[in-house]
Amino acid sequence: MPQLVKVRMRKPLRVFNFISNDLPLGRGDKCVVKTDRGLEYGQCVLPPEECTKEVEMKYQNVIVRKASHHDEMTSAQIKDDERRARRMCIEKIKEREMDMKLVECEYSFDRKKVIFYFTAEDRVDFRDLVKDLAQEFKARIELRHIQVRDEAKIIGGIGTCGRELCCTTWMKDFMPISMKMAKRQNLSLNPTKISGQCGRLMCCLSYENDQYSRARSKPKPKEAPNKEDLAGIRDKMESDSENAAEVLKDRATNESSKPAEAKADTKDSSTDAAKPANDAGRPKKRRRRRRRK
């Protein structure tokens, strides 16, 4: 039955899934695998696990054999050849005064191909350099122009979090990172604090970016008033209560003065009403009619 095995490759130092056909492999065993680039050397990270046919069809890479003593000697010899090839390539670059920086040199496991990774600000014509290297190593030569992020991915290192770089251990592709992600997460905009080993913005800024975006899209809950707001509300209530007390006091004084005026008005009206009554009670004087003579 097919088995799924996780293997850490020599270059790059990442873990990949491989299919094994009942090979006696255990954790830490060395093995030879077949990939798109040919035969390569790796190490088992976890013991094999049984898998279904669907999983087997998903992964095309297979484990060819368990590494023998000869394979281990070949791997050690390849490391020495890579160091020698790197020194030789640097010397050739200096001789031709080429504006490029060599990052890494990689031999295939069958030692038929050598890959050189370099960085450069502008386009570089390295055809003459390829001829010199092919004549020196008697193998197929490839020069690959990479970016600064790929350089950090190949070299490796320790991030500000204290762990090994994500691009070296598990990341397959680089995601676009922008300064908006740092602003959205209320992080410091100091470039020295949010930049990685490559000099670009850290890839981990994108890990929680979606959560912050969803949180900002939701309506904000009503915030509880702080101490300053409570003090302002208390002062306003005290001033309002004082004003209300003054208004009530003025209203009470006005109402207390109104009955006295009303009594005076009633007395005057009663005297005025009594006068016509007295006049009406008196007997009217009879007027004598003058007789005409």
# chains A, B, ... in the order shown; residues from 1 in each chain; ligands from 1
>>> residues_around(residues="A:Arg96", least_positions_apart="6", cutoff="10 Å", atoms="only C-alpha atoms", output="JSON, numbers by chain")
{"A": [126, 128, 129]}
>>> write_last_selection(atoms="C-alpha atoms", output="mmCIF file, in the first residue's frame")
data_model
loop_
_atom_site.group_PDB
_atom_site.id
_atom_site.type_symbol
_atom_site.label_atom_id
_atom_site.label_comp_id
_atom_site.auth_asym_id
_atom_site.auth_seq_id
_atom_site.Cartn_x
_atom_site.Cartn_y
_atom_site.Cartn_z
ATOM 1 C CA PHE A 126 26.757 36.497 -18.280
ATOM 2 C CA ASP A 128 31.019 34.615 -21.279
ATOM 3 C CA LEU A 129 30.901 33.669 -17.603
#
>>> select_by_dssp(residues="stretch 24-254 of chain A", states="strand (DSSP E)", output="count of residues only")
40
>>> residues_around(residues="A:Arg86", least_positions_apart="3", cutoff="6 Å", atoms="only C-alpha atoms", output="list of chain:residue names")
A:Arg83, A:Cys89, A:Cys105
>>> residues_around(residues="A:Cys166", least_positions_apart="4", cutoff="10 Å", atoms="only C-alpha atoms", output="ChimeraX atom specification")
/A:14,153,156-159,170-172,202-204
>>> write_last_selection(atoms="C-alpha atoms", output="PDB file, in the first residue's frame")
ATOM      1  CA  ARG A  14      11.877  22.774   3.358  1.00  0.00           C
ATOM      2  CA  LYS A 153      15.058  32.300   1.487  1.00  0.00           C
ATOM      3  CA  GLY A 156      18.158  31.450   5.877  1.00  0.00           C
ATOM      4  CA  GLY A 157      18.415  33.069   9.281  1.00  0.00           C
ATOM      5  CA  ILE A 158      16.569  33.995  12.469  1.00  0.00           C
ATOM      6  CA  GLY A 159      13.739  36.515  12.453  1.00  0.00           C
ATOM      7  CA  TRP A 170       7.505  26.403   5.077  1.00  0.00           C
ATOM      8  CA  MET A 171       6.502  29.257   2.745  1.00  0.00           C
ATOM      9  CA  LYS A 172       6.234  28.315  -0.925  1.00  0.00           C
ATOM     10  CA  MET A 202       8.003  41.234   6.809  1.00  0.00           C
ATOM     11  CA  CYS A 203       5.822  38.507   5.328  1.00  0.00           C
ATOM     12  CA  CYS A 204       4.120  37.925   8.689  1.00  0.00           C
TER      13      CYS A 204
END
>>> closest_residue(among="A:Arg27, A:Arg127, A:Lys11, A:Thr35", to="A:Ile155", atoms="only C-alpha atoms")
A:Lys11
>>> select_by_dssp(residues="stretch 14-232 of chain A", states="alpha helix (DSSP H)", output="PyMOL selection string")
chain A and resi 53-58+69-96+127-137+148-155+166-169+179-184+191-194+209-217+227-232
>>> residues_around(residues="A:Asn61", least_positions_apart="4", cutoff="12 Å", atoms="only C-alpha atoms", output="list in words")
Leu4, Val5, Lys6, Val7, Phe16, Asn17, Phe18, Ile19, Ser20, Asn21, Val32, Val33, Lys34, Thr35, Asp36, Arg37, Gly38, Leu39, Glu40, Val55, Glu56 and Met57 of chain A
>>> residues_around(residues="stretch 108-121 of chain A", least_positions_apart="6", cutoff="8 Å", atoms="only C-alpha atoms", output="number ranges by chain")
A: 37-41, 74-75, 78, 99-102, 139-148, 151
>>> residues_around(residues="A:Ala85", least_positions_apart="3", cutoff="9 Å", atoms="only C-alpha atoms", output="number ranges by chain")
A: 80-82, 88-90, 105-106, 114, 133, 137
